[in-house]
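**Student:** Got a file for you: data.txt, compact mmCIF, C-alpha atoms.
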# COMPACT_ATOMS: atom_id res chain seq x y z
CA MET A 1 -24.78 38.97 -17.41
CA THR A 2 -24.09 35.24 -17.48
CA GLN A 3 -20.41 34.34 -17.28
CA THR A 4 -18.90 31.08 -18.50
CA VAL A 5 -16.99 28.64 -16.27
CA PHE A 6 -14.82 25.75 -17.46
CA ILE A 7 -13.90 23.14 -14.86
CA ASP A 8 -10.77 21.38 -16.07
CA GLY A 9 -10.84 18.06 -14.24
CA ALA A 10 -14.60 18.12 -13.85
CA ALA A 11 -14.86 14.33 -13.49
CA GLY A 12 -13.03 14.29 -10.14
CA THR A 13 -14.63 14.62 -6.71
CA THR A 14 -13.84 18.34 -6.33
CA GLY A 15 -14.97 19.17 -9.85
CA LEU A 16 -18.25 17.29 -9.45
CA GLU A 17 -19.06 19.10 -6.21
CA ILE A 18 -18.25 22.49 -7.74
CA ALA A 19 -20.61 21.74 -10.61
CA GLU A 20 -23.33 20.78 -8.12
CA ARG A 21 -22.98 24.14 -6.36
CA LEU A 22 -23.18 25.99 -9.67
CA SER A 23 -26.12 23.98 -10.96
CA GLY A 24 -29.21 26.07 -11.53
CA ARG A 25 -27.44 29.41 -11.04
CA SER A 26 -28.23 31.98 -13.70
CA GLU A 27 -25.00 33.92 -13.13
CA PHE A 28 -22.83 31.15 -14.59
CA ALA A 29 -22.96 28.76 -17.53
CA LEU A 30 -20.74 25.68 -17.44
CA VAL A 31 -18.51 24.94 -20.44
CA THR A 32 -18.23 21.16 -20.79
CA LEU A 33 -16.32 18.79 -23.02
CA PRO A 34 -17.51 15.31 -24.04
CA ASP A 35 -15.64 12.53 -22.27
CA ALA A 36 -13.78 11.65 -25.47
CA GLU A 37 -12.40 15.20 -25.72
CA ARG A 38 -11.43 15.86 -22.10
CA LYS A 39 -7.78 15.00 -22.81
CA ASP A 40 -7.66 16.45 -26.31
CA ALA A 41 -5.13 19.31 -26.11
CA ALA A 42 -6.74 21.42 -28.83
CA ARG A 43 -10.23 21.17 -27.37
CA ARG A 44 -8.94 21.86 -23.85
CA ALA A 45 -7.04 24.91 -25.09
CA GLU A 46 -10.18 26.17 -26.79
CA ALA A 47 -12.20 25.76 -23.59
CA LEU A 48 -9.47 27.25 -21.39
CA ASN A 49 -9.20 30.35 -23.56
CA GLY A 50 -12.89 30.72 -24.28
CA ALA A 51 -14.19 30.76 -20.72
CA ASP A 52 -14.53 33.78 -18.46
CA PHE A 53 -13.43 31.64 -15.50
CA VAL A 54 -11.40 28.44 -15.37
CA ILE A 55 -11.31 26.21 -12.29
CA LEU A 56 -8.47 23.69 -12.28
CA CYS A 57 -9.16 20.40 -10.45
CA LEU A 58 -6.00 18.71 -11.61
CA PRO A 59 -2.71 17.29 -10.31
CA ASP A 60 0.00 19.92 -9.87
CA ALA A 61 1.87 19.29 -13.12
CA ALA A 62 -1.32 19.26 -15.17
CA ALA A 63 -2.48 22.50 -13.51
CA ILE A 64 0.78 24.23 -14.41
CA GLU A 65 0.40 22.97 -17.99
CA ALA A 66 -3.19 24.23 -18.16
CA VAL A 67 -2.22 27.73 -17.02
CA ALA A 68 0.47 27.86 -19.71
CA MET A 69 -2.17 27.01 -22.32
CA ILE A 70 -4.14 30.18 -21.56
CA ARG A 71 -3.01 32.75 -24.10
CA ASN A 72 -5.19 35.73 -23.19
CA ASP A 73 -5.32 38.22 -20.34
CA ARG A 74 -9.11 37.94 -19.94
CA THR A 75 -9.65 34.45 -18.53
CA LYS A 76 -9.51 34.27 -14.73
CA VAL A 77 -8.22 31.13 -13.05
CA ILE A 78 -8.87 29.38 -9.73
CA ASP A 79 -6.40 26.55 -9.14
CA ALA A 80 -7.49 23.87 -6.67
CA SER A 81 -4.12 22.08 -6.87
CA THR A 82 -1.06 22.74 -4.71
CA ALA A 83 0.92 24.15 -7.62
CA HIS A 84 0.46 27.88 -6.98
CA ARG A 85 -0.40 28.18 -3.28
CA VAL A 86 2.82 29.92 -2.30
CA ALA A 87 3.44 31.61 -5.66
CA PRO A 88 3.95 35.37 -5.21
CA ASP A 89 1.92 36.32 -8.29
CA TRP A 90 -1.17 34.35 -7.21
CA ALA A 91 -3.71 35.53 -4.64
CA TYR A 92 -4.25 33.04 -1.84
CA GLY A 93 -7.93 32.09 -1.89
CA PHE A 94 -8.78 32.18 1.82
CA PRO A 95 -10.96 35.31 2.09
CA GLU A 96 -11.12 35.18 5.90
CA LEU A 97 -7.33 35.03 6.33
CA SER A 98 -6.91 38.78 6.84
CA ALA A 99 -8.74 42.06 6.38
CA ALA A 100 -7.12 42.57 2.98
CA GLN A 101 -7.45 39.06 1.57
CA ARG A 102 -10.95 39.32 0.19
CA GLU A 103 -10.00 42.45 -1.78
CA ALA A 104 -6.86 40.73 -3.08
CA ILE A 105 -8.94 37.84 -4.39
CA ALA A 106 -11.46 40.17 -6.02
CA ALA A 107 -8.69 42.06 -7.81
CA SER A 108 -6.73 39.02 -9.01
CA ALA A 109 -6.96 37.03 -12.23
CA ARG A 110 -5.06 34.13 -10.63
CA VAL A 111 -6.30 32.65 -7.34
CA SER A 112 -4.95 29.53 -5.63
CA ASN A 113 -7.56 27.62 -3.65
CA PRO A 114 -6.29 26.69 -0.17
CA GLY A 115 -5.70 23.12 0.93
CA CYS A 116 -8.21 21.54 3.29
CA TYR A 117 -5.80 21.03 6.20
CA PRO A 118 -4.21 24.49 5.80
CA THR A 119 -7.66 26.08 5.85
CA GLY A 120 -8.27 24.72 9.35
CA PHE A 121 -4.73 25.41 10.55
CA LEU A 122 -4.61 28.98 9.27
CA ALA A 123 -8.04 29.82 10.65
CA LEU A 124 -6.81 28.79 14.10
CA VAL A 125 -3.27 30.17 13.99
CA ALA A 126 -2.97 33.14 11.62
CA PRO A 127 -5.13 35.53 13.71
CA LEU A 128 -3.15 34.63 16.84
CA VAL A 129 0.19 35.27 15.12
CA ALA A 130 -1.10 38.58 13.75
CA ALA A 131 -2.20 39.58 17.28
CA GLY A 132 1.14 38.60 18.84
CA ILE A 133 -0.42 35.87 21.01
CA VAL A 134 1.59 33.23 19.17
CA ALA A 135 5.12 34.39 18.40
CA VAL A 136 6.32 34.05 14.82
CA ASP A 137 9.20 31.85 15.95
CA THR A 138 6.96 29.37 17.80
CA ARG A 139 7.44 25.76 16.74
CA LEU A 140 3.89 24.51 16.30
CA SER A 141 2.46 21.07 15.66
CA VAL A 142 -0.83 20.26 13.99
CA ASN A 143 -2.67 16.95 14.30
CA ALA A 144 -5.47 16.25 11.88
CA VAL A 145 -7.83 13.56 10.62
CA SER A 146 -9.79 13.64 7.39
CA GLY A 147 -12.40 11.61 5.60
CA TYR A 148 -11.00 9.47 2.82
CA SER A 149 -12.68 11.39 -0.01
CA GLY A 150 -9.82 13.89 0.15
CA GLY A 151 -7.41 11.25 -1.14
CA GLY A 152 -9.00 10.93 -4.57
CA LYS A 153 -10.36 7.95 -6.43
CA GLU A 154 -7.63 5.46 -5.46
CA LEU A 155 -7.93 6.09 -1.73
CA ILE A 156 -11.72 6.11 -1.90
CA ALA A 157 -11.61 2.73 -3.61
CA ARG A 158 -9.18 1.36 -1.04
CA PHE A 159 -11.26 2.42 1.97
CA GLU A 160 -14.42 1.08 0.41
CA ALA A 161 -12.72 -2.23 -0.43
CA GLU A 162 -10.99 -2.61 2.96
CA PRO A 163 -13.61 -1.85 5.64
CA ASP A 164 -11.26 -2.90 8.43
CA ILE A 165 -9.04 0.19 7.99
CA GLY A 166 -9.61 2.25 11.13
CA PHE A 167 -6.82 4.81 10.91
CA ARG A 168 -4.27 5.53 8.20
CA SER A 169 -1.43 7.85 9.15
CA TYR A 170 0.61 9.41 6.36
CA GLY A 171 2.99 12.31 5.70
CA LEU A 172 5.53 10.38 7.77
CA SER A 173 8.44 11.82 5.79
CA LEU A 174 7.51 15.17 7.44
CA ASN A 175 7.73 17.08 4.18
CA HIS A 176 4.05 17.14 3.22
CA LYS A 177 3.20 19.56 0.42
CA HIS A 178 0.76 21.47 2.65
CA VAL A 179 3.50 22.58 5.06
CA PRO A 180 4.92 25.54 3.03
CA GLU A 181 1.38 26.84 2.62
CA MET A 182 0.76 26.63 6.36
CA GLN A 183 4.01 28.34 7.25
CA GLN A 184 3.68 31.17 4.73
CA GLY A 185 0.00 31.79 5.37
CA ALA A 186 0.51 32.07 9.13
CA GLY A 187 3.72 34.10 8.84
CA LEU A 188 5.74 31.59 10.88
CA ALA A 189 9.51 31.44 11.00
CA HIS A 190 9.51 27.64 11.24
CA PRO A 191 7.45 25.02 9.41
CA PRO A 192 4.84 23.39 11.64
CA LEU A 193 5.11 19.70 12.41
CA PHE A 194 2.19 18.28 10.46
CA ALA A 195 0.71 14.90 11.48
CA PRO A 196 -2.23 14.02 9.16
CA ALA A 197 -4.29 10.84 9.10
CA VAL A 198 -7.29 9.42 7.28
CA VAL A 199 -10.18 7.75 9.09
CA PRO A 200 -13.07 5.62 7.75
CA VAL A 201 -15.60 8.33 7.09
CA TYR A 202 -16.23 9.63 3.58
CA ARG A 203 -16.04 13.36 4.29
CA GLY A 204 -15.29 15.82 7.08
CA MET A 205 -12.13 16.68 9.01
CA LEU A 206 -10.77 17.86 12.35
CA VAL A 207 -7.62 19.97 12.47
CA GLU A 208 -6.10 20.45 15.93
CA VAL A 209 -3.33 22.75 17.16
CA PRO A 210 -2.19 22.36 20.80
CA LEU A 211 -0.82 25.45 22.55
CA SER A 212 0.82 25.91 25.92
CA PHE A 213 1.43 29.24 27.69
CA ASP A 214 3.12 30.34 30.92
CA THR A 215 0.16 32.55 31.84
CA PRO A 216 -3.59 32.16 31.35
CA MET A 217 -4.38 32.86 27.69
CA ALA A 218 -7.63 31.01 26.95
CA ASP A 219 -9.81 34.11 27.13
CA ALA A 220 -7.45 36.11 24.92
CA VAL A 221 -7.35 33.35 22.32
CA VAL A 222 -11.14 33.00 22.20
CA ASP A 223 -11.64 36.77 22.06
CA THR A 224 -9.05 37.20 19.30
CA LEU A 225 -10.54 34.47 17.11
CA ALA A 226 -14.09 35.71 17.73
CA ALA A 227 -13.11 39.27 16.79
CA HIS A 228 -11.25 38.13 13.67
CA PHE A 229 -14.21 36.14 12.32
CA ASP A 230 -16.93 38.44 13.63
CA GLY A 231 -19.70 38.70 11.05
CA SER A 232 -18.37 35.85 8.91
CA PRO A 233 -21.18 33.82 7.36
CA LEU A 234 -18.93 30.77 7.07
CA VAL A 235 -16.66 30.65 10.14
CA GLY A 236 -17.91 30.37 13.71
CA VAL A 237 -15.95 30.44 16.99
CA ARG A 238 -16.94 28.92 20.32
CA ARG A 239 -15.50 28.01 23.70
CA GLY A 240 -15.47 24.24 24.18
CA ASP A 241 -16.72 22.30 27.17
CA GLU A 242 -16.31 18.70 28.32
CA SER A 243 -18.74 17.28 25.78
CA GLU A 244 -17.53 15.22 22.85
CA LEU A 245 -16.27 16.73 19.64
CA LEU A 246 -17.43 14.37 16.92
CA LEU A 247 -16.47 13.92 13.31
CA SER A 248 -19.72 12.86 11.66
CA GLN A 249 -20.02 12.62 7.92
CA LYS A 250 -23.77 13.10 8.35
CA ASP A 251 -23.11 16.67 9.51
CA ALA A 252 -20.04 17.29 7.37
CA ALA A 253 -21.59 18.30 4.05
CA THR A 254 -21.35 22.02 4.71
CA ASP A 255 -19.28 24.92 3.46
CA ARG A 256 -19.02 26.37 6.95
CA MET A 257 -16.18 25.87 9.44
CA GLU A 258 -16.41 25.72 13.22
CA LEU A 259 -13.49 26.71 15.46
CA THR A 260 -13.50 25.47 19.06
CA VAL A 261 -11.10 26.39 21.86
CA PHE A 262 -10.70 23.87 24.68
CA ALA A 263 -8.67 24.84 27.74
CA ASP A 264 -7.53 23.44 31.08
CA PRO A 265 -8.97 25.09 34.22
CA ALA A 266 -5.98 27.43 34.45
CA GLY A 267 -6.32 28.57 30.83
CA ARG A 268 -2.68 27.80 30.07
CA GLN A 269 -2.99 24.60 28.04
CA LEU A 270 -5.23 24.83 24.99
CA ARG A 271 -6.45 22.58 22.21
CA LEU A 272 -7.66 24.56 19.20
CA VAL A 273 -9.83 22.53 16.83
CA ALA A 274 -11.23 23.38 13.41
CA ARG A 275 -14.08 21.21 12.11
CA LEU A 276 -14.85 21.49 8.41
CA ASP A 277 -15.74 19.45 5.36
CA ASN A 278 -12.66 18.56 3.34
CA LEU A 279 -14.87 18.70 0.23
CA GLY A 280 -16.68 21.90 1.31
CA LYS A 281 -14.77 24.77 2.91
CA GLY A 282 -11.70 22.60 2.31
CA ALA A 283 -12.17 22.35 -1.47
CA SER A 284 -15.26 22.83 -3.64
CA GLY A 285 -17.10 25.26 -1.38
CA ALA A 286 -13.99 27.43 -1.16
CA CYS A 287 -13.66 27.40 -4.97
CA VAL A 288 -17.22 28.62 -5.40
CA GLN A 289 -16.75 31.23 -2.66
CA ASN A 290 -13.69 32.56 -4.50
CA LEU A 291 -15.51 32.44 -7.83
CA ASN A 292 -18.33 34.53 -6.36
CA ILE A 293 -15.87 37.10 -5.02
CA MET A 294 -13.98 37.32 -8.32
CA ALA A 295 -17.27 37.74 -10.20
CA GLY A 296 -18.50 40.48 -7.85
CA LEU A 297 -21.35 38.36 -6.48
CA PRO A 298 -22.47 37.61 -2.89
CA GLU A 299 -19.78 35.24 -1.70
CA THR A 300 -22.13 32.67 -0.17
CA ALA A 301 -24.26 32.27 -3.30
CA GLY A 302 -24.69 28.58 -4.09
CA LEU A 303 -22.93 27.44 -0.92
CA ARG A 304 -24.18 24.90 1.60
CA LEU A 305 -24.79 26.80 4.80
I'd like the structure from this file rewritten - as structure tokens, please.
**Tutor:**
Amino acid sequence: MTQTVFIDGAAGTTGLEIAERLSGRSEFALVTLPDAERKDAARRAEALNGADFVILCLPDAAAIEAVAMIRNDRTKVIDASTAHRVAPDWAYGFPELSAAQREAIAASARVSNPGCYPTGFLALVAPLVAAGIVAVDTRLSVNAVSGYSGGGKELIARFEAEPDIGFRSYGLSLNHKHVPEMQQGAGLAHPPLFAPAVVPVYRGMLVEVPLSFDTPMADAVVDTLAAHFDGSPLVGVRRGDESELLLSQKDAATDRMELTVFADPAGRQLRLVARLDNLGKGASGACVQNLNIMAGLPETAGLRL
């Protein structure tokens, strides 16, 4: 049976890429509004309440408003904003986070899509915390760079207009909105120190977590991550060598994520790196993966593998 999907905020980068992944699929039919009606409250309410699934690609306040406009208990919602990522009555939409997460998403009518940076951070850290390799009271830092497409239309326009920008650090107030999501998802007692930056590539990102141990732990870290993601069609784990780790937008357009563990010869100092597409596994690909799970379909259907 074909199910209807309304993307509220379909004109943005995330919404456009979700629509591309759903294009041509017989399981879903997109509900669309003419450009002149996209901000009409009555027409939006009609679309929000008439669809089987709603995907919100909106700023936080607008996403909260859209959820309040849904007056039935039938419509299922995936929110790509930050608004509900730590809300207790929303399922967190990272199926690979734990053994129970996929089932929680399938059973929920309200799913919050993870942030791009938290997706990489949690993939690297959450399994190690669960295994006791990283203590819950560890004070972690996370360094990350992303393509500028993750910043929306204004940042895209700025990078395209100012080709001399080589590196743009931000989140310097140290209270970035992704931090609560990282802390809660990993089960940490302290918020991680998050140092994000944007570089002059359109898409793709590297998320790095450095770790230091008193005893050799490289093998245990690699084995734990490999076991956690064993059989995953979207997340791979490998032991790094001395070759380069590149961020190439040519290779970034994928809904997969690669985790690499680099270690010193003693296995005590580690650099854990997640490479993913901020628009793929970090946004639109994750939305479609969650939609597939909620609809009872193969979770990789329509994804870029």
**Student:** Measure the distance from atom CA of A:Pro216 to atom CA of A:Ala274 in Å and round it to one decimal.
**Tutor:**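 Here the two named atoms are 21.4 Å from each other.
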**Student:** For a test of reading the model, state the distance in Å between atom CA of A:Ala68 and atom CA of A:Phe28, rounded to one decimal.
**Tutor:**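 Atom CA of A:Phe28 lies 24.1 Å from atom CA of A:Ala68.
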**Student:** Report as JSON lines the residues of stretch 139-215 of chain A within 12 Å of stretch 219-223 of chain A, each with its shortest atom pair and distance in Å (one decimal), using all atoms listed in the file, ordered by chain and increasing residue number.
**Tutor:**
{"residue": "A:Leu211", "atom": "CA", "partner": "A:Val221", "partner_atom": "CA", "distance": 10.3}
{"residue": "A:Ser212", "atom": "CA", "partner": "A:Val221", "partner_atom": "CA", "distance": 11.6}
{"residue": "A:Phe213", "atom": "CA", "partner": "A:Val221", "partner_atom": "CA", "distance": 11.1}
{"residue": "A:Thr215", "atom": "CA", "partner": "A:Ala220", "partner_atom": "CA", "distance": 10.9}
**Student:** Can you measure atom CA of A:Val134 to atom CA of A:His190 for me? One decimal in Å is fine.
**Tutor:**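 One can read the atom CA of A:Val134 to atom CA of A:His190 distance as 12.5 Å.
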**Student:** Using only C-alpha atoms, can you tell me which of A:Ser98, A:Pro200, A:Ser284, A:Leu128 comes closest to A:Glu162?
**Tutor:**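 Between A:Ser98, A:Pro200, A:Ser284, A:Leu128, the residue approaching A:Glu162 most closely is A:Pro200.
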**Student:** Output as AutoDock Vina command-line options the centre and edge lengths (Å, one decimal) of the box along x, y and z of the file that holds every listed atom of stretch 196-201 of chain A after adding 4 Å on each side.
**Tutor:**
--center_x -8.9 --center_y 9.8 --center_z 8.1 --size_x 21.4 --size_y 16.4 --size_z 10.1
**Student:** With all atoms listed in the file as the atoms that count, which of A:Leu225, A:Met182, A:Val209, A:Ala144 lies nearest to A:Pro127?
**Tutor:** A:Leu225
**Student:** Leaving out A:Pro114 and any residue of its chain fewer than 6 positions from it, which residues lie within 10 Å of it when counting all atoms listed in the file, given as a ChimeraX atom specification?
**Tutor:** /A:79-82,84-86,92-94,120,122,178,181-182,185,281-283,286-287
**Student:** Of the residues A:Arg304, A:Lys76, A:Arg21, A:Arg239, which is the one nearest to A:Val111, using all atoms listed in the file?
**Tutor:**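 So, comparing all the options, the nearest one is A:Lys76.
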**Student:** Would you mind telling me which residue in A:Ala42, A:Leu16, A:Ala106, A:Val31 lies nearest to A:Gly296 when using all atoms listed in the file?
**Tutor:** A:Ala106
**Student:** Since the input is missing atoms for stretch 84-102 of chain A, could you rebuild it with N, CA, C and O atoms and give the result as a PDB file, in the coordinates of the input?
**Tutor:**
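Result file out_10.pdb:
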ATOM      1  N   HIS A  84       0.241  26.436  -7.049  1.00  0.00           N
ATOM      2  CA  HIS A  84       0.460  27.880  -6.980  1.00  0.00           C
ATOM      3  C   HIS A  84       0.143  28.484  -5.610  1.00  0.00           C
ATOM      4  O   HIS A  84      -0.010  29.695  -5.492  1.00  0.00           O
ATOM      5  N   ARG A  85       0.071  27.677  -4.565  1.00  0.00           N
ATOM      6  CA  ARG A  85      -0.400  28.180  -3.280  1.00  0.00           C
ATOM      7  C   ARG A  85       0.591  29.087  -2.561  1.00  0.00           C
ATOM      8  O   ARG A  85       0.189  29.861  -1.687  1.00  0.00           O
ATOM      9  N   VAL A  86       1.845  28.991  -2.891  1.00  0.00           N
ATOM     10  CA  VAL A  86       2.820  29.920  -2.300  1.00  0.00           C
ATOM     11  C   VAL A  86       3.472  30.775  -3.378  1.00  0.00           C
ATOM     12  O   VAL A  86       4.498  31.420  -3.134  1.00  0.00           O
ATOM     13  N   ALA A  87       2.898  30.803  -4.571  1.00  0.00           N
ATOM     14  CA  ALA A  87       3.440  31.610  -5.660  1.00  0.00           C
ATOM     15  C   ALA A  87       3.154  33.089  -5.404  1.00  0.00           C
ATOM     16  O   ALA A  87       2.025  33.462  -5.074  1.00  0.00           O
ATOM     17  N   PRO A  88       4.142  33.962  -5.548  1.00  0.00           N
ATOM     18  CA  PRO A  88       3.950  35.370  -5.210  1.00  0.00           C
ATOM     19  C   PRO A  88       2.991  36.117  -6.131  1.00  0.00           C
ATOM     20  O   PRO A  88       2.431  37.142  -5.744  1.00  0.00           O
ATOM     21  N   ASP A  89       2.795  35.614  -7.343  1.00  0.00           N
ATOM     22  CA  ASP A  89       1.920  36.320  -8.290  1.00  0.00           C
ATOM     23  C   ASP A  89       0.507  35.737  -8.324  1.00  0.00           C
ATOM     24  O   ASP A  89      -0.279  36.051  -9.221  1.00  0.00           O
ATOM     25  N   TRP A  90       0.187  34.889  -7.342  1.00  0.00           N
ATOM     26  CA  TRP A  90      -1.170  34.350  -7.210  1.00  0.00           C
ATOM     27  C   TRP A  90      -1.758  34.805  -5.883  1.00  0.00           C
ATOM     28  O   TRP A  90      -1.071  34.803  -4.857  1.00  0.00           O
ATOM     29  N   ALA A  91      -3.031  35.193  -5.891  1.00  0.00           N
ATOM     30  CA  ALA A  91      -3.710  35.530  -4.640  1.00  0.00           C
ATOM     31  C   ALA A  91      -4.106  34.250  -3.929  1.00  0.00           C
ATOM     32  O   ALA A  91      -4.574  33.300  -4.561  1.00  0.00           O
ATOM     33  N   TYR A  92      -3.907  34.222  -2.628  1.00  0.00           N
ATOM     34  CA  TYR A  92      -4.250  33.040  -1.840  1.00  0.00           C
ATOM     35  C   TYR A  92      -5.748  33.094  -1.515  1.00  0.00           C
ATOM     36  O   TYR A  92      -6.232  34.048  -0.903  1.00  0.00           O
ATOM     37  N   GLY A  93      -6.478  32.042  -1.916  1.00  0.00           N
ATOM     38  CA  GLY A  93      -7.930  32.090  -1.890  1.00  0.00           C
ATOM     39  C   GLY A  93      -8.587  31.737  -0.569  1.00  0.00           C
ATOM     40  O   GLY A  93      -9.526  30.925  -0.542  1.00  0.00           O
ATOM     41  N   PHE A  94      -8.133  32.344   0.508  1.00  0.00           N
ATOM     42  CA  PHE A  94      -8.780  32.180   1.820  1.00  0.00           C
ATOM     43  C   PHE A  94      -9.264  33.562   2.240  1.00  0.00           C
ATOM     44  O   PHE A  94      -8.536  34.320   2.885  1.00  0.00           O
ATOM     45  N   PRO A  95     -10.491  33.941   1.876  1.00  0.00           N
ATOM     46  CA  PRO A  95     -10.960  35.310   2.090  1.00  0.00           C
ATOM     47  C   PRO A  95     -10.904  35.759   3.542  1.00  0.00           C
ATOM     48  O   PRO A  95     -10.727  36.953   3.815  1.00  0.00           O
ATOM     49  N   GLU A  96     -11.075  34.826   4.485  1.00  0.00           N
ATOM     50  CA  GLU A  96     -11.120  35.180   5.900  1.00  0.00           C
ATOM     51  C   GLU A  96      -9.737  35.283   6.533  1.00  0.00           C
ATOM     52  O   GLU A  96      -9.620  35.566   7.728  1.00  0.00           O
ATOM     53  N   LEU A  97      -8.672  35.065   5.762  1.00  0.00           N
ATOM     54  CA  LEU A  97      -7.330  35.030   6.330  1.00  0.00           C
ATOM     55  C   LEU A  97      -6.940  36.352   6.978  1.00  0.00           C
ATOM     56  O   LEU A  97      -6.359  36.386   8.069  1.00  0.00           O
ATOM     57  N   SER A  98      -7.246  37.460   6.315  1.00  0.00           N
ATOM     58  CA  SER A  98      -6.910  38.780   6.840  1.00  0.00           C
ATOM     59  C   SER A  98      -7.898  39.796   6.299  1.00  0.00           C
ATOM     60  O   SER A  98      -8.701  39.488   5.403  1.00  0.00           O
ATOM     61  N   ALA A  99      -7.803  41.013   6.802  1.00  0.00           N
ATOM     62  CA  ALA A  99      -8.740  42.060   6.380  1.00  0.00           C
ATOM     63  C   ALA A  99      -8.588  42.392   4.898  1.00  0.00           C
ATOM     64  O   ALA A  99      -9.546  42.818   4.246  1.00  0.00           O
ATOM     65  N   ALA A 100      -7.384  42.184   4.361  1.00  0.00           N
ATOM     66  CA  ALA A 100      -7.120  42.570   2.980  1.00  0.00           C
ATOM     67  C   ALA A 100      -7.290  41.423   1.981  1.00  0.00           C
ATOM     68  O   ALA A 100      -7.240  41.649   0.770  1.00  0.00           O
ATOM     69  N   GLN A 101      -7.497  40.204   2.473  1.00  0.00           N
ATOM     70  CA  GLN A 101      -7.450  39.060   1.570  1.00  0.00           C
ATOM     71  C   GLN A 101      -8.608  39.005   0.598  1.00  0.00           C
ATOM     72  O   GLN A 101      -8.449  38.654  -0.568  1.00  0.00           O
ATOM     73  N   ARG A 102      -9.771  39.356   1.059  1.00  0.00           N
ATOM     74  CA  ARG A 102     -10.950  39.320   0.190  1.00  0.00           C
ATOM     75  C   ARG A 102     -10.767  40.279  -0.991  1.00  0.00           C
ATOM     76  O   ARG A 102     -11.094  39.944  -2.146  1.00  0.00           O
TER      77      ARG A 102
END
